[in-house]
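Chemist: upload-v6.csv is reproduced below (CSV, C-alpha atoms and all ligand atoms).
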chain,number,residue,atom,x,y,z
A,28,MET,CA,53.6,-10.3,57.6
A,29,THR,CA,54.8,-13.5,56.0
A,30,THR,CA,54.6,-13.7,52.3
A,31,TYR,CA,54.6,-17.1,50.6
A,32,ASP,CA,56.0,-15.6,47.5
A,33,ALA,CA,59.8,-15.1,47.6
A,34,ASP,CA,59.7,-12.8,44.6
A,35,VAL,CA,57.3,-10.3,46.2
A,36,GLU,CA,58.6,-8.8,49.3
A,37,GLN,CA,56.4,-5.8,49.7
A,38,PRO,CA,53.5,-6.5,52.1
A,39,SER,CA,51.0,-4.1,50.5
A,40,ILE,CA,50.1,-2.6,47.1
A,41,THR,CA,47.7,0.0,45.9
A,42,LEU,CA,45.1,-0.7,43.2
A,43,VAL,CA,43.9,2.0,40.8
A,44,GLU,CA,40.5,0.8,39.8
A,45,VAL,CA,39.8,1.7,36.2
A,46,ALA,CA,36.6,0.0,35.3
A,47,PRO,CA,34.5,3.2,35.2
A,48,ARG,CA,36.9,4.7,32.7
A,49,ASP,CA,39.0,2.1,30.8
A,50,GLY,CA,36.3,-0.5,31.2
A,51,LEU,CA,33.2,1.5,30.2
A,52,GLN,CA,35.0,3.3,27.3
A,53,ALA,CA,35.3,-0.1,25.6
A,54,GLU,CA,31.7,-1.2,26.0
A,55,SER,CA,29.1,-1.0,23.2
A,56,ARG,CA,26.4,-0.3,25.8
A,57,THR,CA,26.6,3.1,27.3
A,58,LEU,CA,25.5,3.0,31.0
A,59,PRO,CA,23.2,5.7,32.4
A,60,THR,CA,25.0,8.1,34.8
A,61,GLU,CA,23.1,6.7,37.8
A,62,THR,CA,24.4,3.2,37.0
A,63,LYS,CA,28.0,4.5,36.7
A,64,LEU,CA,27.5,6.3,40.1
A,65,ALA,CA,26.3,3.0,41.6
A,66,LEU,CA,29.4,1.3,40.2
A,67,ILE,CA,31.7,3.8,41.8
A,68,GLU,CA,29.9,3.5,45.1
A,69,ARG,CA,30.3,-0.3,45.0
A,70,LEU,CA,34.0,0.1,44.2
A,71,ALA,CA,34.5,2.4,47.2
A,72,ASP,CA,32.4,0.0,49.4
A,73,ALA,CA,34.8,-2.7,48.3
A,74,GLY,CA,37.7,-0.7,49.7
A,75,HIS,CA,39.2,1.0,46.7
A,76,THR,CA,40.9,4.3,47.5
A,77,VAL,CA,41.7,5.3,43.9
A,78,ILE,CA,38.9,5.1,41.4
A,79,GLU,CA,39.4,6.5,37.9
A,80,VAL,CA,35.9,7.6,37.2
A,81,THR,CA,35.7,9.0,33.7
A,82,SER,CA,37.4,11.0,30.9
A,83,PHE,CA,37.0,14.6,29.8
A,84,VAL,CA,37.7,13.8,26.1
A,85,SER,CA,35.7,14.5,23.0
A,86,PRO,CA,32.2,13.0,23.3
A,87,LYS,CA,32.4,12.3,19.6
A,88,ALA,CA,35.5,10.2,20.2
A,89,VAL,CA,34.2,8.4,23.3
A,90,PRO,CA,30.4,8.7,23.6
A,91,GLN,CA,30.3,6.2,26.4
A,92,LEU,CA,31.8,8.9,28.7
A,93,ALA,CA,30.0,12.0,27.4
A,94,ASP,CA,28.3,12.5,30.8
A,95,ALA,CA,31.6,13.4,32.6
A,96,GLU,CA,30.4,16.7,34.0
A,97,GLU,CA,27.1,15.3,35.2
A,98,LEU,CA,28.9,12.3,36.8
A,99,LEU,CA,31.3,14.5,38.7
A,100,ARG,CA,28.6,16.9,39.8
A,101,THR,CA,26.5,14.1,41.2
A,102,LEU,CA,29.3,12.0,42.6
A,103,LYS,CA,29.4,11.9,46.4
A,104,ARG,CA,33.1,12.0,47.1
A,105,ARG,CA,34.2,10.1,50.1
A,106,PRO,CA,37.1,11.3,52.3
A,107,GLY,CA,40.1,9.1,51.7
A,108,VAL,CA,39.1,8.1,48.2
A,109,ARG,CA,40.7,9.7,45.2
A,110,TYR,CA,38.7,10.1,41.9
A,111,PRO,CA,41.1,10.9,39.0
A,112,VAL,CA,39.9,11.5,35.5
A,113,LEU,CA,41.6,11.5,32.1
A,114,VAL,CA,42.3,14.7,30.3
A,115,PRO,CA,43.7,15.0,26.8
A,116,ASN,CA,44.0,18.8,26.3
A,117,GLU,CA,43.3,22.2,27.7
A,118,LYS,CA,39.6,21.9,26.9
A,119,GLY,CA,39.4,18.7,28.9
A,120,LEU,CA,41.3,20.3,31.8
A,121,GLU,CA,38.9,23.3,31.9
A,122,ARG,CA,35.9,21.0,31.9
A,123,ALA,CA,37.4,18.9,34.7
A,124,MET,CA,38.4,21.9,36.8
A,125,SER,CA,34.9,23.4,36.4
A,126,VAL,CA,33.4,20.5,38.3
A,127,GLY,CA,36.1,20.5,41.0
A,128,VAL,CA,38.2,17.5,40.0
A,129,ASN,CA,41.4,17.4,42.1
A,130,GLU,CA,43.3,14.7,40.2
A,131,ILE,CA,43.9,14.2,36.5
A,132,ALA,CA,45.7,11.8,34.3
A,133,VAL,CA,47.2,12.9,31.0
A,134,PHE,CA,47.9,10.2,28.4
A,135,ALA,CA,50.7,9.9,26.0
A,136,SER,CA,52.2,7.0,24.0
A,137,ALA,CA,55.7,5.7,23.9
A,138,SER,CA,55.0,4.9,20.2
A,139,ASP,CA,54.1,7.2,17.4
A,140,ALA,CA,51.4,5.3,15.6
A,141,TYR,CA,49.1,4.8,18.7
A,142,SER,CA,49.6,8.5,19.6
A,143,ARG,CA,48.3,9.5,16.3
A,144,LYS,CA,45.3,7.2,16.4
A,145,ASN,CA,44.4,7.9,20.0
A,146,LEU,CA,45.2,11.6,20.2
A,147,ASN,CA,45.5,12.8,16.6
A,148,ARG,CA,49.0,14.0,17.5
A,149,SER,CA,52.4,12.6,17.0
A,150,ARG,CA,54.2,11.2,20.1
A,151,GLU,CA,56.4,14.3,20.2
A,152,GLU,CA,53.5,16.8,19.8
A,153,ALA,CA,51.5,15.0,22.5
A,154,LEU,CA,54.4,15.0,25.0
A,155,ALA,CA,55.3,18.6,24.3
A,156,GLY,CA,51.6,19.7,24.4
A,157,TYR,CA,51.2,18.3,27.9
A,158,ALA,CA,53.9,20.6,29.4
A,159,PRO,CA,51.7,23.7,29.7
A,160,LEU,CA,48.6,21.7,30.6
A,161,VAL,CA,50.4,19.9,33.5
A,162,ARG,CA,51.8,23.3,34.7
A,163,THR,CA,48.2,24.7,34.8
A,164,ALA,CA,47.0,21.7,36.6
A,165,LYS,CA,49.8,21.8,39.2
A,166,ASP,CA,49.3,25.5,39.7
A,167,GLY,CA,45.7,24.7,40.4
A,168,GLY,CA,46.7,22.2,43.1
A,169,LEU,CA,45.8,19.1,41.2
A,170,ARG,CA,47.7,15.8,41.4
A,171,VAL,CA,48.7,14.6,37.9
A,172,ARG,CA,49.3,11.0,36.7
A,173,GLY,CA,51.1,10.5,33.3
A,174,TYR,CA,50.0,7.5,31.4
A,175,LEU,CA,52.4,6.1,28.8
A,176,SER,CA,50.9,3.6,26.4
A,177,MET,CA,52.5,0.8,24.3
A,178,VAL,CA,55.5,0.5,26.5
A,179,ILE,CA,56.3,-3.1,25.2
A,180,ALA,CA,55.2,-2.9,21.6
A,181,ASP,CA,52.8,-1.1,19.3
A,182,PRO,CA,50.5,-3.0,16.9
A,183,TRP,CA,51.5,-0.7,14.0
A,184,ASP,CA,55.1,0.4,14.9
A,185,GLY,CA,56.3,-3.0,16.3
A,186,PRO,CA,58.5,-3.3,19.5
A,187,THR,CA,59.0,-0.2,21.5
A,188,PRO,CA,62.6,0.5,22.3
A,189,ARG,CA,63.1,0.5,26.1
A,190,GLU,CA,65.3,3.6,25.8
A,191,THR,CA,62.3,5.4,24.1
A,192,VAL,CA,60.1,4.5,27.0
A,193,ARG,CA,62.8,5.8,29.5
A,194,ASP,CA,63.0,9.1,27.6
A,195,ALA,CA,59.2,9.6,27.6
A,196,CYS,CA,59.1,8.7,31.3
A,197,ARG,CA,61.7,11.3,32.1
A,198,ARG,CA,59.8,13.9,30.1
A,199,LEU,CA,56.5,13.2,31.9
A,200,LEU,CA,58.2,13.5,35.2
A,201,ASP,CA,60.1,16.6,34.2
A,202,ILE,CA,56.9,18.4,33.2
A,203,GLY,CA,55.5,17.7,36.6
A,204,CYS,CA,53.7,14.4,36.6
A,205,ASP,CA,53.5,13.0,40.1
A,206,GLU,CA,53.2,9.4,39.0
A,207,LEU,CA,53.6,7.4,35.8
A,208,SER,CA,51.4,4.5,34.6
A,209,LEU,CA,53.1,2.4,32.1
A,210,GLY,CA,50.7,0.6,29.8
A,211,ASP,CA,51.0,-2.6,27.9
A,212,THR,CA,48.0,-1.4,25.9
A,213,SER,CA,47.8,-4.2,23.4
A,214,GLY,CA,48.6,-6.8,26.1
A,215,VAL,CA,51.4,-8.5,24.1
A,216,GLY,CA,54.1,-8.3,26.7
A,217,VAL,CA,55.5,-11.1,28.8
A,218,ARG,CA,57.1,-11.3,32.2
A,219,TYR,CA,60.7,-11.2,30.9
A,220,GLN,CA,60.0,-7.9,29.0
A,221,VAL,CA,58.4,-6.3,32.0
A,222,VAL,CA,61.4,-7.1,34.2
A,223,ALA,CA,63.8,-6.0,31.5
A,224,LEU,CA,61.9,-2.7,31.1
A,225,LEU,CA,61.8,-2.0,34.9
A,226,ASP,CA,65.5,-2.9,35.2
A,227,LEU,CA,66.3,-0.3,32.6
A,228,LEU,CA,64.0,2.3,34.2
A,229,THR,CA,64.5,2.0,37.9
A,230,PRO,CA,68.1,3.0,38.3
A,231,GLU,CA,67.1,6.5,37.5
A,232,ILE,CA,63.3,6.6,37.9
A,233,PRO,CA,62.1,6.0,41.5
A,234,VAL,CA,60.0,2.8,41.4
A,235,ALA,CA,57.6,4.5,43.9
A,236,LYS,CA,56.6,6.8,41.0
A,237,ILE,CA,55.8,3.9,38.6
A,238,ALA,CA,52.4,2.2,38.3
A,239,MET,CA,51.7,-0.4,35.7
A,240,HIS,CA,48.7,-1.0,33.5
A,241,PHE,CA,48.3,-4.4,31.9
A,242,HIS,CA,45.8,-5.4,29.3
A,243,ASP,CA,45.1,-9.1,29.2
A,244,THR,CA,44.8,-9.7,25.4
A,245,TYR,CA,47.2,-12.6,25.5
A,246,GLY,CA,46.5,-13.8,29.0
A,247,GLN,CA,49.7,-12.4,30.4
A,248,ALA,CA,48.4,-9.6,32.6
A,249,LEU,CA,48.5,-11.3,35.9
A,250,ALA,CA,52.0,-12.8,35.2
A,251,ASN,CA,53.1,-9.3,34.2
A,252,ALA,CA,51.7,-7.7,37.3
A,253,HIS,CA,53.5,-10.2,39.4
A,254,ALA,CA,56.7,-9.5,37.5
A,255,ALA,CA,56.3,-5.8,38.2
A,256,MET,CA,55.6,-6.5,41.9
A,257,SER,CA,58.8,-8.6,42.1
A,258,ARG,CA,60.7,-5.5,40.9
A,259,GLY,CA,59.1,-3.3,43.5
A,260,VAL,CA,56.1,-1.7,41.7
A,261,ARG,CA,53.5,-1.1,44.4
A,262,THR,CA,50.7,0.5,42.3
A,263,LEU,CA,48.8,-1.6,39.8
A,264,ASP,CA,45.8,-0.6,37.6
A,265,THR,CA,43.0,-3.1,37.6
A,266,SER,CA,39.4,-3.3,36.5
A,267,THR,CA,36.6,-5.1,38.2
A,268,GLY,CA,35.3,-7.9,36.0
A,269,GLY,CA,38.4,-7.4,33.7
A,270,ILE,CA,36.5,-5.0,31.4
A,271,GLY,CA,38.5,-2.5,29.3
A,272,GLY,CA,40.3,-1.7,26.1
A,273,SER,CA,41.1,1.2,23.9
A,274,PRO,CA,38.5,2.2,21.2
A,275,PHE,CA,41.6,3.3,19.2
A,276,ALA,CA,43.4,-0.1,19.4
A,277,LYS,CA,40.6,-2.5,19.1
A,278,MET,CA,42.9,-5.6,19.3
A,279,ALA,CA,43.5,-4.7,23.0
A,280,GLY,CA,41.8,-7.1,25.4
A,281,GLY,CA,40.4,-6.2,28.8
A,282,ASN,CA,42.4,-4.9,31.7
A,283,LEU,CA,43.9,-7.1,34.4
A,284,ALA,CA,40.9,-8.0,36.5
A,285,THR,CA,40.8,-6.7,40.0
A,286,GLU,CA,39.5,-10.0,41.4
A,287,ASP,CA,42.3,-12.0,39.6
A,288,LEU,CA,45.0,-9.8,41.2
A,289,LEU,CA,43.1,-9.9,44.6
A,290,TRP,CA,43.2,-13.7,44.4
A,291,LEU,CA,46.9,-13.7,43.9
A,292,CYS,CA,47.5,-11.2,46.7
A,293,ARG,CA,45.2,-13.1,49.1
A,294,GLY,CA,47.1,-16.3,48.5
A,295,SER,CA,50.5,-14.5,48.9
A,296,ASN,CA,49.5,-12.4,52.0
A,297,ILE,CA,49.9,-9.1,50.1
A,298,GLU,CA,47.6,-6.5,51.5
A,299,THR,CA,45.4,-4.5,49.1
A,300,GLY,CA,42.6,-3.1,51.3
A,301,VAL,CA,40.1,-4.3,48.7
A,302,ASP,CA,37.5,-7.0,49.5
A,303,LEU,CA,37.4,-10.0,47.2
A,304,ASP,CA,33.8,-11.0,47.8
A,305,LYS,CA,32.5,-7.5,47.3
A,306,THR,CA,34.5,-7.2,44.1
A,307,VAL,CA,33.1,-10.5,42.8
A,308,ALA,CA,29.6,-9.4,43.7
A,309,THR,CA,30.1,-6.1,41.8
A,310,ALA,CA,31.4,-7.9,38.8
A,311,LYS,CA,28.3,-10.1,38.7
A,312,TRP,CA,26.1,-7.0,39.0
A,313,LEU,CA,28.1,-5.2,36.3
A,314,SER,CA,27.8,-8.1,34.0
A,315,ALA,CA,24.0,-7.9,34.2
A,316,GLU,CA,24.1,-4.1,33.6
A,317,LEU,CA,26.4,-4.5,30.5
A,318,GLY,CA,24.5,-7.5,29.2
A,319,HIS,CA,27.4,-9.9,28.8
A,320,GLU,CA,29.7,-12.2,30.7
A,321,LEU,CA,32.9,-10.4,31.9
A,322,PRO,CA,36.3,-11.8,31.3
A,323,ALA,CA,37.7,-12.1,34.9
A,324,HIS,CA,38.6,-15.7,35.8
A,325,VAL,CA,38.0,-15.4,39.6
A,326,SER,CA,34.5,-14.1,39.3
A,327,ARG,CA,33.6,-17.0,37.0
A,328,ALA,CA,35.2,-19.5,39.4
A,329,LEU,CA,33.5,-18.1,42.5
A,330,ALA,CA,30.1,-17.3,40.8
A,331,HIS,CA,28.3,-20.1,42.5
A,332,ARG,CA,29.5,-19.0,46.0
A,333,VAL,CA,28.5,-15.2,45.9
A,334,GLU,CA,25.0,-13.8,45.8
B,1,LIG,P1,41.0,16.4,17.7
B,1,LIG,O1,39.9,16.1,16.7
B,1,LIG,O2,42.4,16.3,17.2
B,1,LIG,O3,40.8,17.7,18.5
B,1,LIG,O4,40.8,15.4,18.9
B,1,LIG,P2,40.3,19.1,18.1
B,1,LIG,O5,41.0,20.0,19.1
B,1,LIG,O6,40.6,19.4,16.6
B,1,LIG,O7,38.7,19.1,18.3
B,1,LIG,C1,37.9,18.3,17.5
B,1,LIG,C2,36.5,18.4,18.2
B,1,LIG,O8,36.5,17.7,19.5
B,1,LIG,C3,36.0,19.8,18.5
B,1,LIG,O9,34.6,19.8,18.4
B,1,LIG,C4,36.4,20.0,19.9
B,1,LIG,O10,35.7,21.0,20.6
B,1,LIG,C5,36.2,18.7,20.5
B,1,LIG,P3,33.8,20.2,17.1
B,1,LIG,O11,34.3,21.6,16.8
B,1,LIG,O12,34.2,19.3,16.0
B,1,LIG,O13,32.4,20.2,17.6
B,1,LIG,N1,37.0,18.4,21.6
B,1,LIG,C6,36.6,18.2,22.9
B,1,LIG,N2,35.4,18.1,23.4
B,1,LIG,C7,35.2,17.9,24.7
B,1,LIG,N3,36.3,17.7,25.5
B,1,LIG,C8,37.5,17.7,25.0
B,1,LIG,C9,37.7,18.0,23.7
B,1,LIG,N4,38.8,18.1,22.9
B,1,LIG,C10,38.4,18.4,21.7
B,1,LIG,N5,38.6,17.5,25.9
B,1,LIG,C11,41.2,14.5,21.0
B,1,LIG,C12,41.8,15.1,19.8
B,1,LIG,C13,42.4,13.8,21.8
B,1,LIG,C14,40.7,15.6,21.9
B,1,LIG,C15,40.1,13.5,20.7
B,1,LIG,O14,40.6,12.6,19.6
B,1,LIG,C16,39.7,12.7,21.8
B,1,LIG,O15,39.1,13.1,22.8
B,1,LIG,N6,40.1,11.4,21.8
B,1,LIG,C17,39.8,10.4,22.9
B,1,LIG,C18,41.0,9.7,23.3
B,1,LIG,C19,40.7,8.7,24.4
B,1,LIG,O16,39.8,8.9,25.2
B,1,LIG,N7,41.3,7.5,24.3
B,1,LIG,C20,41.1,6.4,25.2
B,1,LIG,C21,41.8,6.7,26.5
B,1,LIG,S1,43.5,6.4,26.5
B,1,LIG,C22,43.6,4.7,26.8
B,1,LIG,O17,42.7,4.0,26.9
B,1,LIG,C23,45.0,4.1,27.2
B,1,LIG,C24,45.2,4.0,28.7
B,1,LIG,O18,44.2,3.1,29.2
B,1,LIG,C25,46.6,3.4,29.0
B,1,LIG,C26,46.9,2.1,28.2
B,1,LIG,O19,46.0,1.2,28.2
B,1,LIG,O20,48.0,2.0,27.7
B,1,LIG,C27,45.1,5.3,29.4
B,2,MG,MG,44.1,1.0,29.2
Would it be possible to restate this file's structure as structure tokens?
Modeler:
Amino acid sequence: MTTYDADVEQPSITLVEVAPRDGLQAESRTLPTETKLALIERLADAGHTVIEVTSFVSPKAVPQLADAEELLRTLKRRPGVRYPVLVPNEKGLERAMSVGVNEIAVFASASDAYSRKNLNRSREEALAGYAPLVRTAKDGGLRVRGYLSMVIADPWDGPTPRETVRDACRRLLDIGCDELSLGDTSGVGVRYQVVALLDLLTPEIPVAKIAMHFHDTYGQALANAHAAMSRGVRTLDTSTGGIGGSPFAKMAGGNLATEDLLWLCRGSNIETGVDLDKTVATAKWLSAELGHELPAHVSRALAHRVE
């Protein structure tokens, strides 16, 4: 397939759709379980094969996702679609396994301050604590993703040294994570920094194991995703409508919008398997359910053309 983009040679990428988790955790309105299920159905209908559906975290910390068990019990899982969930500790893993989850994501931070705010543990404690948890998950046959937040900079600690990111990546892979997702959680990074980070990491960490997760606080998420693709990253986290953010880093803007990346991919002949019009229709529906306009550019631009 011809690509019009000399920087991006890979003909296809995989999207990890995070609206039901990263998106809804940041909303002031908690959606009913049946509305979340309808969202997940719509995302699968649009062609997503990886949908991060919820988190098994403390309901006091993230009340928007307190219905995780009910959601998983009711979810009609489709063959060919993966439904990962976030897990912060053994209690979360037990809860997830009790409802038959077969893929989890643990989440650590490359910086110390965000680790303490998000997990109530130091960076070191969190990374060390995940070792037995990941072992239990792998022994149970689960696939495990390892998130690493604040890979460019931390709002409290400042710039994150790239070598620190590399060390944390190595540790997450050493304890058994199948894939990494490197997060610019506060969305401050720019293209140059993404390329510099990947150039440091990829001589020793296979790029096939690296996904990237960009928040769009400073409007850089699409450029950063493109930079990551130009360095061979084939898995990108996106959120329909561009919703998202961390309740524990409130300056973080929404996630890279699925439809914004789809627009770039469509114009560059990069295959995603995800339908743009269905995504835009879902963003419109989700906007009504959440009661506010969503940040994605492409949905706003196409609004008049999609029912
Ligand atoms: P803690 O207070 O240190 O934990 O919380 P604890 O073990 O002392 O437990 C305190 C209470 O929470 C207890 O209940 C536990 O039972 C309960 P109490 O006795 O007070 O009634 N608890 C739980 N309940 C249900 N499920 C659990 C669980 N664990 C403890 N799994 C903890 C530490 C991390 C658990 C808590 O602070 C928490 O759940 N935080 C939520 C973190 C979170 O969801 N953050 C957002 C997702 S990460 C993110 O957005 C970044 C990402 O998108 C990538 C990027 O953008 O960079 C992934
Ligand atoms: Mg995030």
Chemist: Within 10 Å of region 53-59 of chain A, counting all atoms listed in the file, which residues show up once you throw out same-chain ones fewer than 6 positions away? Write them as JSON, numbers by chain, please.
Modeler: {"A": [46, 47, 89, 90, 91, 92, 93, 94, 98, 270, 271, 272, 273, 274, 275, 277, 279, 280, 281, 316, 317, 318]}
Chemist: Go through region 179-224 of chain A and flag each residue having an atom no more than 9 Å from region 127-141 of chain A; for those, report the closest pair of atoms plus their distance in Å to one decimal, using only C-alpha atoms, ordered by chain and rising number, as a tab-separated table.
Modeler:
residue	atom	partner	partner_atom	distance
A:Ile179	CA	A:Ala137	CA	8.9
A:Ala180	CA	A:Ser138	CA	7.9
A:Asp181	CA	A:Ser138	CA	6.5
A:Pro182	CA	A:Tyr141	CA	8.1
A:Trp183	CA	A:Ala140	CA	6.2
A:Asp184	CA	A:Ala140	CA	6.2
A:Gly185	CA	A:Ser138	CA	8.9
A:Pro186	CA	A:Ser138	CA	8.9
A:Thr187	CA	A:Ser138	CA	6.6
A:Pro188	CA	A:Ala137	CA	8.8
A:Thr191	CA	A:Ala137	CA	6.6
A:Val192	CA	A:Ala137	CA	5.5
A:Asp194	CA	A:Ala137	CA	8.9
A:Ala195	CA	A:Ala137	CA	6.4
A:Cys196	CA	A:Ala137	CA	8.7
A:Leu199	CA	A:Ala135	CA	8.9
A:Cys204	CA	A:Val133	CA	8.7
A:Gly210	CA	A:Ser136	CA	8.8
Chemist: Using only C-alpha atoms and all ligand atoms, find each residue with an atom at most 6 Å away from ligand LIG 1 (chain B) and format the answer as an mmCIF file with C-alpha atoms, in the coordinates of the input.
Modeler:
data_model
loop_
_atom_site.group_PDB
_atom_site.id
_atom_site.type_symbol
_atom_site.label_atom_id
_atom_site.label_comp_id
_atom_site.auth_asym_id
_atom_site.auth_seq_id
_atom_site.Cartn_x
_atom_site.Cartn_y
_atom_site.Cartn_z
ATOM 1 C CA ASP A 49 39.000 2.100 30.800
ATOM 2 C CA PHE A 83 37.000 14.600 29.800
ATOM 3 C CA VAL A 84 37.700 13.800 26.100
ATOM 4 C CA SER A 85 35.700 14.500 23.000
ATOM 5 C CA PRO A 86 32.200 13.000 23.300
ATOM 6 C CA ALA A 88 35.500 10.200 20.200
ATOM 7 C CA VAL A 89 34.200 8.400 23.300
ATOM 8 C CA PRO A 115 43.700 15.000 26.800
ATOM 9 C CA ASN A 116 44.000 18.800 26.300
ATOM 10 C CA LYS A 118 39.600 21.900 26.900
ATOM 11 C CA GLY A 119 39.400 18.700 28.900
ATOM 12 C CA PHE A 134 47.900 10.200 28.400
ATOM 13 C CA ASN A 145 44.400 7.900 20.000
ATOM 14 C CA LEU A 146 45.200 11.600 20.200
ATOM 15 C CA ASN A 147 45.500 12.800 16.600
ATOM 16 C CA TYR A 174 50.000 7.500 31.400
ATOM 17 C CA SER A 176 50.900 3.600 26.400
ATOM 18 C CA MET A 177 52.500 0.800 24.300
ATOM 19 C CA GLY A 210 50.700 0.600 29.800
ATOM 20 C CA ASP A 211 51.000 -2.600 27.900
ATOM 21 C CA THR A 212 48.000 -1.400 25.900
ATOM 22 C CA SER A 273 41.100 1.200 23.900
#
Chemist: What's the 12 Å shell around Leu313 (chain A), counting all atoms listed in the file, without same-chain residues fewer than 6 positions away, as a list of chain:residue names?
Modeler: A:Ala46, A:Pro47, A:Gly50, A:Leu51, A:Glu54, A:Arg56, A:Leu58, A:Thr62, A:Lys63, A:Ala65, A:Leu66, A:Ile67, A:Arg69, A:Leu70, A:Ser266, A:Thr267, A:Gly268, A:Gly269, A:Ile270, A:Thr306, A:Val307, A:His319, A:Glu320, A:Leu321, A:Pro322, A:Ala323, A:Ser326
Chemist: Considering all atoms listed in the file, return as a list in words whatever protein or nucleic-acid residues lie within 12 Å of Pro106 (chain A), sequence-local ones (same chain, fewer than 2 positions apart) excluded.
Modeler: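 So, after excluding close chain neighbours, the residues are Ala71, His75, Thr76, Val77, Lys103, Arg104, Val108, Arg109 and Tyr110 of chain A.
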Chemist: Using only C-alpha atoms, which residue out of A:Asp205, A:Asp264, A:Asp287, A:Glu61 lies closest to Ala235 (chain A)?
Modeler: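 Residue with the minimum atom-to-atom distance to Ala235 (chain A): A:Asp205.
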Chemist: What does the structure give for the distance between CA of Glu286 (chain A) and CA of Arg105 (chain A), in Å to one decimal?
Modeler: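 Here the two named atoms are 22.5 Å from each other.
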Chemist: I need the residue nearest Met278 (chain A) from this list: A:Leu169, A:Ala123, A:Val215, A:Ile78. Use all atoms listed in the file for the distance.
Modeler: A:Val215
Chemist: So what do you get for CA of Val222 (chain A) versus CA of Arg197 (chain A), distance-wise?
Modeler: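 Computed distance, CA of Val222 (chain A) to CA of Arg197 (chain A), equals 18.5 Å.
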Chemist: From the list A:Leu249, A:Ala153, A:Leu283, A:Ala164, which residue is nearest ligand MG 2 (chain B) when using only C-alpha atoms and all ligand atoms?
Modeler: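 Between A:Leu249, A:Ala153, A:Leu283, A:Ala164, the residue approaching ligand MG 2 (chain B) most closely is A:Leu283.
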Chemist: Which value, in Å to one decimal, gives the distance between CA of Thr309 (chain A) and CA of Ala330 (chain A)?
Modeler: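 Separating CA of Thr309 (chain A) from CA of Ala330 (chain A) is a distance of 11.2 Å.
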Chemist: Go through A:Leu263, A:Ile232, A:Ile202, A:Leu224 and flag the residue nearest ligand MG 2 (chain B), using all atoms listed in the file for the distances.
Modeler: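 Among the listed residues, A:Leu263 lies closest to ligand MG 2 (chain B).
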Chemist: Restricting the calculation to all atoms listed in the file, which member of A:Arg327, A:Arg189, A:His242, A:Arg150 is positioned closest to ligand MG 2 (chain B)?
Modeler: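 Closest residue, counting all atoms listed in the file: A:His242.
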Chemist: For a quick check of understanding, using all atoms listed in the file, which of A:Ser213, A:Ser142, A:Gln220, A:Asn296 has the smallest distance to ligand MG 2 (chain B)?
Modeler: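 Answer, going by the shortest atom-to-atom distance: A:Ser213.
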Chemist: Pick out the residues sitting within 6 Å of Ala238 (chain A), and hand them over as a PDB file with C-alpha atoms, in the frame of the given file; count all atoms listed in the file, and ignore anything fewer than 4 positions along from it in its own chain.
Modeler:
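As written to disk, around-v6.pdb reads:
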ATOM      1  CA  LEU A 207      53.600   7.400  35.800  1.00  0.00           C
ATOM      2  CA  SER A 208      51.400   4.500  34.600  1.00  0.00           C
ATOM      3  CA  THR A 262      50.700   0.500  42.300  1.00  0.00           C
ATOM      4  CA  LEU A 263      48.800  -1.600  39.800  1.00  0.00           C
TER       5      LEU A 263
END
Chemist: What would region 140-147 of chain A look like with N, CA, C and O atoms restored, written as a PDB file, keeping the file's coordinate frame?
Modeler:
ATOM      1  N   ALA A 140      52.612   5.650  16.326  1.00  0.00           N
ATOM      2  CA  ALA A 140      51.400   5.300  15.600  1.00  0.00           C
ATOM      3  C   ALA A 140      50.158   5.361  16.559  1.00  0.00           C
ATOM      4  O   ALA A 140      49.122   5.937  16.207  1.00  0.00           O
ATOM      5  N   TYR A 141      50.301   4.808  17.756  1.00  0.00           N
ATOM      6  CA  TYR A 141      49.100   4.800  18.700  1.00  0.00           C
ATOM      7  C   TYR A 141      48.856   6.266  19.119  1.00  0.00           C
ATOM      8  O   TYR A 141      47.689   6.639  19.285  1.00  0.00           O
ATOM      9  N   SER A 142      49.884   7.072  19.280  1.00  0.00           N
ATOM     10  CA  SER A 142      49.600   8.500  19.600  1.00  0.00           C
ATOM     11  C   SER A 142      48.767   9.143  18.595  1.00  0.00           C
ATOM     12  O   SER A 142      47.806   9.843  18.915  1.00  0.00           O
ATOM     13  N   ARG A 143      49.078   8.899  17.337  1.00  0.00           N
ATOM     14  CA  ARG A 143      48.300   9.500  16.300  1.00  0.00           C
ATOM     15  C   ARG A 143      46.869   9.011  16.243  1.00  0.00           C
ATOM     16  O   ARG A 143      45.923   9.770  16.053  1.00  0.00           O
ATOM     17  N   LYS A 144      46.696   7.712  16.441  1.00  0.00           N
ATOM     18  CA  LYS A 144      45.300   7.200  16.400  1.00  0.00           C
ATOM     19  C   LYS A 144      44.514   7.587  17.614  1.00  0.00           C
ATOM     20  O   LYS A 144      43.333   7.866  17.518  1.00  0.00           O
ATOM     21  N   ASN A 145      45.166   7.661  18.761  1.00  0.00           N
ATOM     22  CA  ASN A 145      44.400   7.900  20.000  1.00  0.00           C
ATOM     23  C   ASN A 145      44.246   9.412  20.254  1.00  0.00           C
ATOM     24  O   ASN A 145      43.220   9.833  20.778  1.00  0.00           O
ATOM     25  N   LEU A 146      45.249  10.195  19.882  1.00  0.00           N
ATOM     26  CA  LEU A 146      45.200  11.600  20.200  1.00  0.00           C
ATOM     27  C   LEU A 146      45.273  12.549  19.026  1.00  0.00           C
ATOM     28  O   LEU A 146      45.220  13.769  19.191  1.00  0.00           O
ATOM     29  N   ASN A 147      45.395  11.958  17.834  1.00  0.00           N
ATOM     30  CA  ASN A 147      45.500  12.800  16.600  1.00  0.00           C
ATOM     31  C   ASN A 147      46.700  13.696  16.661  1.00  0.00           C
ATOM     32  O   ASN A 147      46.676  14.795  16.105  1.00  0.00           O
TER      33      ASN A 147
END
